[in-house]
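J.: Mind looking over this structure? Questions follow.
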2 protein chains.
Amino acid sequence: MTVSVTAEVNSSLNGPPADSKARVSQFLRSLQDSICQKLAVVDGGGSFQEDEWERPEGGGGRSRVMMGGDLFEQGGVNFSEVYGDHLPPSIVNQRPEVAGHRWFATGTSMVLHPRSPYIPTVHLNYRYFEAGPVWWFGGGIDLTPYYPFLEDVVHFHSTLKDACDRHSPDYYPTFKLWCDEYFYLKHRQETRGVGGIFFDYQDGMNALYQGSDAQGPAGLHSAQVGVPPQRSWDELFAFVQSCGEGFLPAYVPIAEKHRHQEYGEQERNFQLYRRGRYVEFNLVYDRGTIFGLQTNGRTESILMSLPPLVRWEYGYQPQPGTREAELYETYLKPQDWLSGITATP
Amino acid sequence: MTVSVTAEVNSSLNGPPADSKARVSQFLRSLQDSICQKLAVVDGGGSFQEDEWERPEGGGGRSRVMMGGDLFEQGGVNFSEVYGDHLPPSIVNQRPEVAGHRWFATGTSMVLHPRSPYIPTVHLNYRYFEAGPVWWFGGGIDLTPYYPFLEDVVHFHSTLKDACDRHSPDYYPTFKLWCDEYFYLKHRQETRGVGGIFFDYQDGMNALYQGSDAQGPAGLHSAQVGVPPQRSWDELFAFVQSCGEGFLPAYVPIAEKHRHQEYGEQERNFQLYRRGRYVEFNLVYDRGTIFGLQTNGRTESILMSLPPLVRWEYGYQPQPGTREAELYETYLKPQDWLSGITATP
């Protein structure tokens with residue numbers, strides 16, 4: 001069986017070190033610390049409230065939430081480390097070789113909902129998974145502006161690209177396209193925002209791209225889709241560390257730049273309306289949310305990604321020629337932000 | 001194969017009349033008409049805006065939405081009649097015998113979000129399905145109060161029970177329990193509201209109860225769960241008509257009774273918070289929503305069930321002894337409303 005050969009290779013030549021779980025878990029904890037410390041300073045008014053929790057079936061976590069901050073209307077930064085005997089169907093269906101093994105998963109995830117419609121919502125999640133001889137890293141970061149500024153989007157993507165390029169020139173182009181594919185609302189035919197990077201199932205043996213499009217998204221060449229570039233556990237962990245450490249420089253300058261920009265009721269209403277798409281994505285499509293709910297995770301921690309106030313409006317369409325229309329026409333579709341963007345007429 | 005025997009019996013002894021689709025469709029259209037006419041009168045200020053739409057793969061519908069009414073902050077009443085060559089996995093997984101047949105589905109569905117926290121949100125859906133020799137009726141109606149009044153809940157359930165009892169004494173007890181089972185948020189361990197009735201896969205041959213609990217919910221006896229009480233297509237259609245016609249007398253008196261009751265910011269905030277549960281249910285669990293999104297339905301019509309304004313609040317817990325706590329302790333768990341209710345201490 002191909003699966004068990006892969007598993008053997010994984011565990012002998014290319015397996016994780018004996019202290020893999022502790023090392024990743026320690027890094028993700030300190031990532032949560034450094035992000036929360038900096039965000040509290042940036043906010044200036046709000047502070048994080050911490051809840052430690054245990055999962056009855058094994059493991060637990062610590063959730064940190066800022067509510068009613070000056071800059072952040074709500075921000076949640078969650079760390080968890082959980083394990084168990086049986087994996088939920090959402091994972092076993094995707095990776096049948098994990099069936100029957102005890103499993104371990106640790107992750108840090110974050111969603112920030114700023115007060116100002118000029119500051120984008122941002123999401124970060126990095127996670128590590130082991131089940132018997134199988135292991136992988138996953139995660140990413142993506143930006144969801146309401147009133148976008150091209151220079152912000154370019155700054156965000158450039159910073160992520162720099163973090164990726166330190167490890168492989170294939171990472172940014174591959175994981176940028178995977179992000180566009182993953183954070184996509186099929187029922188709206190819209191991307192969630194301007195993307196970023198996303199990856200899953202990174203075990204150093206299989207192809208970089210392991211998404212749902214059998215051919216890979218347009219723009220990936222065969223080296224990225226089909227040929228396994230072997231990478232050690234240590235190389236992948238170093239890559240994930242660079243990604244995690246890239247968050248603050250990618251996002252904080254954008255938040256600070258717009259914090260004093262004035263807005264009115266129209267901008268606020270549009271922000272609340274667009275936040276509805278965030279809810280739709282997280283509850284209908286998001287792999288982390290579904291995994292959490294299926295594994296009897298802590299509901300309040302899983303759903304702290306949902307915005308504090310949201311509007312839905314039947315049949316809403318932006319008026320042509322407005323900034324709201326510009327969001328739809330230019331920013332809610334995959335774009336090559338670092339080369340040149342196009343608009344839907 | 002058992003399946004094809006059932007199908008043959010269905011189509012010979014117990015099959016639908018030649019004009020089945022037209023008759024059900026006509027009834028569901030007129031149900032939409034009569035409900036909208038009455039609700040516009042009850043509201044007094046708002047009116048329904050109609051959108052007719054076509055589904056590219058076959059069929060279409062007419063959506064009617066009231067936004068910003070006096071009594072109804074938002075109300076959507078949708079009729080649809082759709083058909084196609086291939087059924088989505090959500091149906092085929094549940095009923096493998098429909099695979100490979102052309103299918104037809106028609107339904108009327110409605111969600112009303114009143115402005116006042118003293119008036120419950122209500123949902124209605126009746127639908128009819130045919131695929132080759134297979135056919136069934138499904139649907140139901142359920143009530144979601146924010147500040148509940150026991151006499152309202154009793155009135156609502158009594159009216160539904162009367163409609164059911166005209167056709168079979170087994171209907172109300174069976175479909176009431178099925179409703180409690182179906183409209184349940186596992187990740188919150190809460191019912192959506194105080195229930196009502198719910199049924200699916202009613203073809204006159206199989207057991208009344210066809211829910212997900214293999215033994216049937218506690219309270220169903222074997223006549224309801226296991227023994228097929230044979231019913232003709234006409235009997236079932238008459239039952240669904242009674243249910244549909246029962247909506248206005250079940251709900252309108254409740255809405256009118258509380259329309260002038262004053263409320264403050266606290267009650268409004270709690271209502272917006274609880275509306276979040278409606279969103280969670282519809283996007284995570286609701287069969288109709290998932291069917292619609294999977295069959296490339298009209299997104300705006302499917303999601304017009306979502307409330308116009310919603311709040312989420314991390315870690316919210318009602319204060320003991322308050323009316324908000326009473327909702328959780330007494331009304332968000334299955335209760336025998338017509339005999340005697342119990343509270344969680």
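Just remember, in the structure tokens the first chain shown is A, the second B, etc., residues are 1-based per chain, and ligands are 1-based in the order shown.
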Residues of chain A within 9 Å of chain B, using only C-alpha atoms, as an MDAnalysis selection string?
T.: chainID A and resid 65 67 186:188 272 279:280 283:284 290 293:294 296:301 303:304 306:316
J.: Any chance you can output those residues with C-alpha atoms as a compact mmCIF listing (two decimals), in the first residue's frame?
T.:
```
# COMPACT_ATOMS: atom_id res chain seq x y z
CA VAL A 65 -10.64 37.86 23.90
CA MET A 67 -14.16 43.11 23.65
CA LYS A 186 -19.17 29.50 -3.76
CA HIS A 187 -22.76 30.56 -3.09
CA ARG A 188 -21.74 34.22 -3.46
CA LEU A 272 -21.74 45.33 9.19
CA VAL A 279 -20.19 34.49 9.27
CA GLU A 280 -21.34 32.63 6.16
CA LEU A 283 -20.17 28.43 9.48
CA VAL A 284 -20.59 26.90 6.01
CA ILE A 290 -16.24 22.27 11.45
CA LEU A 293 -17.64 21.58 16.41
CA GLN A 294 -17.32 17.91 15.39
CA ASN A 296 -16.71 18.64 20.84
CA GLY A 297 -14.42 21.65 21.02
CA ARG A 298 -15.17 24.64 23.22
CA THR A 299 -17.97 26.36 21.33
CA GLU A 300 -17.30 29.84 22.69
CA SER A 301 -13.66 29.61 21.61
CA LEU A 303 -17.15 30.86 17.49
CA MET A 304 -15.24 33.81 18.87
CA LEU A 306 -17.82 35.63 14.60
CA PRO A 307 -18.22 39.42 14.49
CA PRO A 308 -19.80 41.29 17.41
CA LEU A 309 -22.45 42.97 15.24
CA VAL A 310 -23.65 41.88 11.80
CA ARG A 311 -26.29 42.87 9.27
CA TRP A 312 -27.96 40.95 6.49
CA GLU A 313 -29.91 42.75 3.79
CA TYR A 314 -31.95 40.95 1.19
CA GLY A 315 -30.95 41.77 -2.38
CA TYR A 316 -28.24 44.31 -1.56
```
J.: Since chain B and chain A share a sequence, can you fit the second onto the first over all C-alpha atoms in order and output it as a short mmCIF file (atom, residue, chain, number, x, y, z; two decimals) with C-alpha atoms, in the first residue's frame?
T.:
```cif
data_model
loop_
_atom_site.label_atom_id
_atom_site.label_comp_id
_atom_site.auth_asym_id
_atom_site.auth_seq_id
_atom_site.Cartn_x
_atom_site.Cartn_y
_atom_site.Cartn_z
CA MET A 1 -34.26 -5.38 -3.39
CA THR A 2 -36.51 -3.92 -0.74
CA VAL A 3 -36.10 -0.50 -2.25
CA SER A 4 -37.55 -1.35 -5.63
CA VAL A 5 -40.45 -3.31 -4.08
CA THR A 6 -41.31 -0.24 -2.01
CA ALA A 7 -41.02 1.89 -5.09
CA GLU A 8 -43.35 -0.37 -7.08
CA VAL A 9 -45.94 -0.45 -4.34
CA ASN A 10 -45.62 3.28 -4.08
CA SER A 11 -46.29 3.84 -7.73
CA SER A 12 -49.05 1.25 -8.19
CA LEU A 13 -51.22 1.01 -5.07
CA ASN A 14 -50.20 4.15 -3.36
CA GLY A 15 -48.68 6.42 -5.95
CA PRO A 16 -49.35 10.06 -6.58
CA PRO A 17 -52.06 11.15 -9.03
CA ALA A 18 -51.03 12.24 -12.51
CA ASP A 19 -51.37 15.93 -11.60
CA SER A 20 -49.55 15.62 -8.24
CA LYS A 21 -46.88 18.22 -8.97
CA ALA A 22 -49.34 20.80 -10.24
CA ARG A 23 -51.71 20.31 -7.32
CA VAL A 24 -49.06 20.66 -4.63
CA SER A 25 -47.39 23.52 -6.41
CA GLN A 26 -50.73 25.32 -6.76
CA PHE A 27 -51.49 24.86 -3.07
CA LEU A 28 -48.05 26.11 -1.98
CA ARG A 29 -48.38 29.16 -4.22
CA SER A 30 -51.77 30.02 -2.74
CA LEU A 31 -50.40 29.42 0.75
CA GLN A 32 -47.69 31.98 0.02
CA ASP A 33 -50.40 34.38 -1.22
CA SER A 34 -52.69 34.05 1.75
CA ILE A 35 -49.86 34.30 4.28
CA CYS A 36 -48.38 37.41 2.63
CA GLN A 37 -51.77 39.12 2.34
CA LYS A 38 -52.57 38.59 6.00
CA LEU A 39 -49.09 39.52 7.25
CA ALA A 40 -49.16 42.80 5.32
CA VAL A 41 -52.47 43.67 7.01
CA VAL A 42 -51.14 42.65 10.43
CA ASP A 43 -47.96 44.68 9.93
CA GLY A 44 -49.87 47.78 8.92
CA GLY A 45 -46.83 49.63 7.58
CA GLY A 46 -44.63 47.34 5.52
CA SER A 47 -45.35 45.60 2.27
CA PHE A 48 -43.85 42.66 0.45
CA GLN A 49 -41.50 43.19 -2.44
CA GLU A 50 -41.66 40.33 -4.95
CA ASP A 51 -38.75 38.97 -6.99
CA GLU A 52 -39.45 36.30 -9.57
CA TRP A 53 -36.39 34.28 -10.46
CA GLU A 54 -35.35 31.40 -12.67
CA ARG A 55 -32.93 28.64 -11.80
CA PRO A 56 -30.54 28.04 -14.72
CA GLU A 57 -30.71 24.25 -14.30
CA GLY A 58 -34.52 24.19 -14.24
CA GLY A 59 -37.43 25.84 -12.49
CA GLY A 60 -37.56 28.97 -10.41
CA GLY A 61 -39.59 30.74 -7.82
CA ARG A 62 -40.92 33.92 -6.37
CA SER A 63 -39.44 35.48 -3.26
CA ARG A 64 -41.36 38.01 -1.23
CA VAL A 65 -39.61 40.08 1.36
CA MET A 66 -40.82 42.74 3.76
CA MET A 67 -38.03 44.94 5.09
CA GLY A 68 -38.48 47.57 7.75
CA GLY A 69 -42.14 46.92 8.48
CA ASP A 70 -43.85 48.25 11.61
CA LEU A 71 -44.19 44.89 13.31
CA PHE A 72 -41.80 42.82 11.18
CA GLU A 73 -38.24 44.06 11.02
CA GLN A 74 -37.87 41.54 8.24
CA GLY A 75 -40.02 38.80 6.81
CA GLY A 76 -39.35 36.53 3.89
CA VAL A 77 -41.87 34.19 2.28
CA ASN A 78 -40.47 32.15 -0.55
CA PHE A 79 -42.07 29.83 -3.09
CA SER A 80 -39.98 27.64 -5.37
CA GLU A 81 -40.51 24.88 -7.88
CA VAL A 82 -37.28 23.36 -9.15
CA TYR A 83 -36.19 20.26 -11.02
CA GLY A 84 -33.12 18.66 -12.47
CA ASP A 85 -31.29 15.57 -13.64
CA HIS A 86 -29.01 14.88 -10.69
CA LEU A 87 -29.73 15.20 -7.00
CA PRO A 88 -27.17 16.66 -4.62
CA PRO A 89 -25.34 14.34 -2.19
CA SER A 90 -27.30 15.65 0.82
CA ILE A 91 -30.43 13.95 -0.56
CA VAL A 92 -28.84 10.89 -2.21
CA ASN A 93 -27.00 10.01 1.02
CA GLN A 94 -30.28 10.01 2.93
CA ARG A 95 -32.34 8.27 0.23
CA PRO A 96 -30.12 6.19 -2.09
CA GLU A 97 -33.15 4.96 -4.09
CA VAL A 98 -33.52 8.39 -5.75
CA ALA A 99 -30.11 8.16 -7.45
CA GLY A 100 -30.31 8.28 -11.23
CA HIS A 101 -33.82 9.75 -11.44
CA ARG A 102 -34.87 13.17 -12.59
CA TRP A 103 -36.27 15.07 -9.64
CA PHE A 104 -38.84 17.70 -8.84
CA ALA A 105 -39.18 19.72 -5.65
CA THR A 106 -41.57 22.44 -4.68
CA GLY A 107 -41.85 24.28 -1.39
CA THR A 108 -42.97 27.33 0.49
CA SER A 109 -40.74 28.56 3.26
CA MET A 110 -40.92 31.53 5.55
CA VAL A 111 -39.07 33.17 8.39
CA LEU A 112 -40.38 36.26 10.19
CA HIS A 113 -38.13 38.40 12.38
CA PRO A 114 -40.32 40.76 14.41
CA ARG A 115 -38.96 44.04 15.76
CA SER A 116 -40.16 43.45 19.30
CA PRO A 117 -38.25 41.01 21.52
CA TYR A 118 -41.63 40.04 22.95
CA ILE A 119 -42.80 38.60 19.65
CA PRO A 120 -41.19 35.29 18.68
CA THR A 121 -39.46 34.57 15.41
CA VAL A 122 -41.36 31.94 13.46
CA HIS A 123 -40.43 29.57 10.66
CA LEU A 124 -42.62 27.58 8.29
CA ASN A 125 -41.65 25.24 5.48
CA TYR A 126 -43.74 22.77 3.53
CA ARG A 127 -42.31 20.89 0.58
CA TYR A 128 -43.02 18.07 -1.81
CA PHE A 129 -40.50 15.93 -3.63
CA GLU A 130 -40.66 13.44 -6.52
CA ALA A 131 -37.88 11.44 -8.19
CA GLY A 132 -38.96 8.58 -10.43
CA PRO A 133 -41.28 6.34 -8.40
CA VAL A 134 -40.23 7.97 -5.11
CA TRP A 135 -42.18 10.84 -3.56
CA TRP A 136 -42.64 12.40 -0.17
CA PHE A 137 -43.94 15.37 1.76
CA GLY A 138 -41.94 17.21 4.38
CA GLY A 139 -41.98 20.36 6.41
CA GLY A 140 -43.04 21.91 9.65
CA ILE A 141 -43.33 25.04 11.66
CA ASP A 142 -41.51 26.14 14.79
CA LEU A 143 -41.48 29.10 17.16
CA THR A 144 -38.44 30.88 18.63
CA PRO A 145 -39.29 33.29 21.44
CA TYR A 146 -36.79 35.66 23.06
CA TYR A 147 -38.91 36.53 26.11
CA PRO A 148 -41.37 33.64 26.16
CA PHE A 149 -44.89 33.57 27.56
CA LEU A 150 -46.15 30.12 28.44
CA GLU A 151 -49.70 30.83 27.26
CA ASP A 152 -48.33 31.76 23.79
CA VAL A 153 -46.42 28.52 23.55
CA VAL A 154 -49.46 26.52 24.62
CA HIS A 155 -51.63 28.36 22.07
CA PHE A 156 -49.11 27.70 19.30
CA HIS A 157 -48.78 24.00 20.06
CA SER A 158 -52.54 23.54 20.62
CA THR A 159 -53.31 25.02 17.23
CA LEU A 160 -50.78 22.72 15.54
CA LYS A 161 -52.12 19.74 17.46
CA ASP A 162 -55.66 20.51 16.29
CA ALA A 163 -54.50 20.61 12.67
CA CYS A 164 -52.68 17.29 13.12
CA ASP A 165 -55.46 15.55 15.04
CA ARG A 166 -57.91 16.07 12.20
CA HIS A 167 -55.83 13.52 10.27
CA SER A 168 -54.24 11.15 12.78
CA PRO A 169 -53.78 11.09 16.56
CA ASP A 170 -50.17 9.94 15.96
CA TYR A 171 -49.12 13.01 13.97
CA TYR A 172 -48.77 15.65 16.68
CA PRO A 173 -46.90 13.52 19.26
CA THR A 174 -44.55 12.12 16.61
CA PHE A 175 -43.84 15.29 14.68
CA LYS A 176 -43.55 17.38 17.85
CA LEU A 177 -40.72 15.13 19.09
CA TRP A 178 -39.10 15.07 15.66
CA CYS A 179 -39.17 18.88 15.67
CA ASP A 180 -37.40 18.96 19.05
CA GLU A 181 -34.78 16.58 17.65
CA TYR A 182 -34.30 18.45 14.37
CA PHE A 183 -34.19 22.06 15.58
CA TYR A 184 -31.43 21.35 18.05
CA LEU A 185 -28.04 23.09 18.23
CA LYS A 186 -25.69 20.32 19.36
CA HIS A 187 -22.76 22.69 19.87
CA ARG A 188 -24.90 24.81 22.22
CA GLN A 189 -26.91 21.97 23.75
CA GLU A 190 -30.02 24.06 23.19
CA THR A 191 -33.21 23.68 21.21
CA ARG A 192 -33.65 26.50 18.68
CA GLY A 193 -36.82 27.58 20.47
CA VAL A 194 -40.00 25.96 21.75
CA GLY A 195 -40.45 23.74 18.70
CA GLY A 196 -43.65 22.93 16.90
CA ILE A 197 -43.92 20.11 14.37
CA PHE A 198 -41.46 18.72 11.83
CA PHE A 199 -41.60 15.77 9.46
CA ASP A 200 -39.86 14.52 6.33
CA TYR A 201 -40.02 11.54 3.95
CA GLN A 202 -43.78 11.08 4.39
CA ASP A 203 -44.78 8.71 1.60
CA GLY A 204 -47.60 6.85 3.30
CA MET A 205 -45.72 3.55 3.36
CA ASN A 206 -42.87 3.91 5.81
CA ALA A 207 -42.88 4.74 9.49
CA LEU A 208 -44.03 8.22 10.48
CA TYR A 209 -40.75 8.91 12.21
CA GLN A 210 -37.71 8.90 9.88
CA GLY A 211 -35.35 10.99 11.97
CA SER A 212 -31.72 10.53 12.82
CA ASP A 213 -32.17 8.79 16.16
CA ALA A 214 -32.33 5.08 15.30
CA GLN A 215 -34.56 4.31 18.28
CA GLY A 216 -36.65 7.42 17.86
CA PRO A 217 -36.66 10.22 20.43
CA ALA A 218 -37.76 9.31 23.93
CA GLY A 219 -41.53 9.50 24.04
CA LEU A 220 -42.25 7.84 20.71
CA HIS A 221 -43.85 4.44 20.99
CA SER A 222 -43.34 1.67 18.48
CA ALA A 223 -46.51 2.42 16.49
CA GLN A 224 -45.05 5.79 15.64
CA VAL A 225 -41.47 4.67 15.05
CA GLY A 226 -41.66 1.20 13.57
CA VAL A 227 -45.00 0.23 12.05
CA PRO A 228 -45.98 1.78 8.73
CA PRO A 229 -49.52 3.15 8.92
CA GLN A 230 -50.46 3.17 5.23
CA ARG A 231 -51.73 6.51 4.05
CA SER A 232 -52.65 7.54 0.52
CA TRP A 233 -51.10 10.46 -1.33
CA ASP A 234 -54.41 12.32 -0.98
CA GLU A 235 -54.49 11.81 2.78
CA LEU A 236 -50.98 13.14 3.16
CA PHE A 237 -51.64 16.12 0.91
CA ALA A 238 -54.76 16.95 2.94
CA PHE A 239 -52.67 16.78 6.12
CA VAL A 240 -50.05 19.15 4.71
CA GLN A 241 -52.83 21.54 3.65
CA SER A 242 -54.19 21.57 7.20
CA CYS A 243 -50.71 22.29 8.56
CA GLY A 244 -50.17 25.14 6.12
CA GLU A 245 -53.55 26.65 6.86
CA GLY A 246 -52.83 26.35 10.57
CA PHE A 247 -50.01 28.87 10.49
CA LEU A 248 -51.95 32.14 10.62
CA PRO A 249 -54.22 31.12 13.54
CA ALA A 250 -51.20 29.69 15.39
CA TYR A 251 -49.00 32.78 15.09
CA VAL A 252 -50.94 35.98 14.38
CA PRO A 253 -52.69 36.19 17.78
CA ILE A 254 -49.27 35.99 19.51
CA ALA A 255 -47.83 38.77 17.35
CA GLU A 256 -50.85 41.02 17.85
CA LYS A 257 -50.97 40.48 21.59
CA HIS A 258 -47.44 41.82 22.17
CA ARG A 259 -47.12 44.45 19.47
CA HIS A 260 -47.58 47.40 21.82
CA GLN A 261 -45.66 45.97 24.77
CA GLU A 262 -42.78 48.32 25.55
CA TYR A 263 -39.20 47.14 25.74
CA GLY A 264 -35.79 48.68 26.37
CA GLU A 265 -32.22 48.37 25.22
CA GLN A 266 -31.56 45.31 27.37
CA GLU A 267 -34.39 43.34 25.77
CA ARG A 268 -33.34 44.47 22.31
CA ASN A 269 -29.71 43.48 22.94
CA PHE A 270 -30.74 40.06 24.16
CA GLN A 271 -32.93 39.57 21.09
CA LEU A 272 -30.02 40.47 18.78
CA TYR A 273 -27.77 38.07 20.68
CA ARG A 274 -30.26 35.20 20.49
CA ARG A 275 -30.76 35.84 16.78
CA GLY A 276 -27.17 34.62 16.44
CA ARG A 277 -28.40 31.13 17.31
CA TYR A 278 -30.81 31.33 14.38
CA VAL A 279 -27.88 32.07 12.09
CA GLU A 280 -25.84 29.24 13.59
CA PHE A 281 -28.67 26.76 13.11
CA ASN A 282 -29.50 27.76 9.56
CA LEU A 283 -25.91 27.76 8.31
CA VAL A 284 -24.61 24.72 10.20
CA TYR A 285 -27.57 22.32 10.38
CA ASP A 286 -30.58 23.30 8.29
CA ARG A 287 -31.37 20.73 5.61
CA GLY A 288 -33.24 23.20 3.40
CA THR A 289 -30.41 25.73 3.44
CA ILE A 290 -27.77 23.12 2.62
CA PHE A 291 -29.96 21.63 -0.15
CA GLY A 292 -30.47 25.09 -1.61
CA LEU A 293 -26.79 26.04 -1.57
CA GLN A 294 -25.76 22.64 -2.98
CA THR A 295 -28.29 22.78 -5.84
CA ASN A 296 -27.19 26.21 -6.95
CA GLY A 297 -30.36 27.77 -5.57
CA ARG A 298 -30.90 31.50 -5.45
CA THR A 299 -28.63 32.57 -2.60
CA GLU A 300 -30.57 35.70 -1.68
CA SER A 301 -33.78 33.68 -1.38
CA ILE A 302 -32.16 30.91 0.64
CA LEU A 303 -30.46 33.30 3.04
CA MET A 304 -33.38 35.65 3.48
CA SER A 305 -34.06 33.58 6.60
CA LEU A 306 -31.08 35.30 8.25
CA PRO A 307 -31.96 38.14 10.64
CA PRO A 308 -31.43 41.76 9.61
CA LEU A 309 -29.27 42.59 12.64
CA VAL A 310 -27.39 40.13 14.87
CA ARG A 311 -24.95 40.23 17.78
CA TRP A 312 -22.44 37.72 19.03
CA GLU A 313 -20.90 38.08 22.48
CA TYR A 314 -18.10 35.89 23.70
CA GLY A 315 -18.90 34.03 26.92
CA TYR A 316 -22.38 35.48 27.47
CA GLN A 317 -24.32 33.83 30.29
CA PRO A 318 -27.68 35.04 31.59
CA GLN A 319 -27.79 36.26 35.19
CA PRO A 320 -29.53 33.76 37.48
CA GLY A 321 -33.13 34.58 38.32
CA THR A 322 -33.69 36.81 35.26
CA ARG A 323 -36.14 36.39 32.41
CA GLU A 324 -33.13 35.71 30.18
CA ALA A 325 -32.13 32.80 32.45
CA GLU A 326 -35.73 31.53 32.37
CA LEU A 327 -35.50 31.23 28.59
CA TYR A 328 -32.47 28.93 28.90
CA GLU A 329 -33.70 26.92 31.87
CA THR A 330 -37.24 26.24 30.76
CA TYR A 331 -37.77 27.07 27.11
CA LEU A 332 -34.60 25.92 25.33
CA LYS A 333 -35.11 22.27 26.10
CA PRO A 334 -37.77 19.85 24.89
CA GLN A 335 -40.95 20.19 26.94
CA ASP A 336 -44.39 18.66 26.88
CA TRP A 337 -46.05 22.07 26.53
CA LEU A 338 -49.59 20.74 26.53
CA SER A 339 -49.24 18.68 29.72
CA GLY A 340 -46.74 20.26 32.06
CA ILE A 341 -43.28 21.82 31.80
CA THR A 342 -40.22 21.56 33.99
CA ALA A 343 -37.32 23.93 34.65
CA THR A 344 -33.62 23.21 35.04
CA PRO A 345 -32.68 24.36 38.54
#
```
J.: Which of stretch 59-228 of chain B end up as helix (DSSP H, G or I) when DSSP is run on this backbone - answer as number ranges by chain?
T.: B: 89-92, 96-98, 150-165, 171-182, 222-225
J.: Could you take the residues named above and write them with C-alpha atoms, as a PDB file, in the first residue's frame?
T.:
```pdb
ATOM      1  CA  PRO B  89     -25.318  14.328  -2.183  1.00  0.00           C
ATOM      2  CA  SER B  90     -27.279  15.662   0.819  1.00  0.00           C
ATOM      3  CA  ILE B  91     -30.403  13.935  -0.544  1.00  0.00           C
ATOM      4  CA  VAL B  92     -28.843  10.869  -2.184  1.00  0.00           C
ATOM      5  CA  PRO B  96     -30.122   6.199  -2.064  1.00  0.00           C
ATOM      6  CA  GLU B  97     -33.149   4.961  -4.051  1.00  0.00           C
ATOM      7  CA  VAL B  98     -33.514   8.369  -5.730  1.00  0.00           C
ATOM      8  CA  LEU B 150     -46.152  30.130  28.441  1.00  0.00           C
ATOM      9  CA  GLU B 151     -49.696  30.840  27.258  1.00  0.00           C
ATOM     10  CA  ASP B 152     -48.318  31.771  23.798  1.00  0.00           C
ATOM     11  CA  VAL B 153     -46.411  28.523  23.558  1.00  0.00           C
ATOM     12  CA  VAL B 154     -49.460  26.538  24.618  1.00  0.00           C
ATOM     13  CA  HIS B 155     -51.634  28.373  22.076  1.00  0.00           C
ATOM     14  CA  PHE B 156     -49.105  27.710  19.303  1.00  0.00           C
ATOM     15  CA  HIS B 157     -48.795  23.997  20.076  1.00  0.00           C
ATOM     16  CA  SER B 158     -52.546  23.541  20.616  1.00  0.00           C
ATOM     17  CA  THR B 159     -53.304  25.017  17.223  1.00  0.00           C
ATOM     18  CA  LEU B 160     -50.791  22.730  15.551  1.00  0.00           C
ATOM     19  CA  LYS B 161     -52.114  19.747  17.460  1.00  0.00           C
ATOM     20  CA  ASP B 162     -55.666  20.511  16.289  1.00  0.00           C
ATOM     21  CA  ALA B 163     -54.501  20.619  12.664  1.00  0.00           C
ATOM     22  CA  CYS B 164     -52.695  17.294  13.120  1.00  0.00           C
ATOM     23  CA  ASP B 165     -55.471  15.566  15.053  1.00  0.00           C
ATOM     24  CA  TYR B 171     -49.134  13.022  13.977  1.00  0.00           C
ATOM     25  CA  TYR B 172     -48.780  15.649  16.681  1.00  0.00           C
ATOM     26  CA  PRO B 173     -46.900  13.521  19.266  1.00  0.00           C
ATOM     27  CA  THR B 174     -44.566  12.119  16.607  1.00  0.00           C
ATOM     28  CA  PHE B 175     -43.858  15.290  14.695  1.00  0.00           C
ATOM     29  CA  LYS B 176     -43.562  17.376  17.855  1.00  0.00           C
ATOM     30  CA  LEU B 177     -40.743  15.135  19.099  1.00  0.00           C
ATOM     31  CA  TRP B 178     -39.131  15.065  15.675  1.00  0.00           C
ATOM     32  CA  CYS B 179     -39.198  18.878  15.679  1.00  0.00           C
ATOM     33  CA  ASP B 180     -37.418  18.974  19.048  1.00  0.00           C
ATOM     34  CA  GLU B 181     -34.806  16.590  17.661  1.00  0.00           C
ATOM     35  CA  TYR B 182     -34.318  18.440  14.376  1.00  0.00           C
ATOM     36  CA  SER B 222     -43.382   1.701  18.522  1.00  0.00           C
ATOM     37  CA  ALA B 223     -46.561   2.459  16.538  1.00  0.00           C
ATOM     38  CA  GLN B 224     -45.088   5.825  15.683  1.00  0.00           C
ATOM     39  CA  VAL B 225     -41.506   4.716  15.094  1.00  0.00           C
TER      40      VAL B 225
END
```
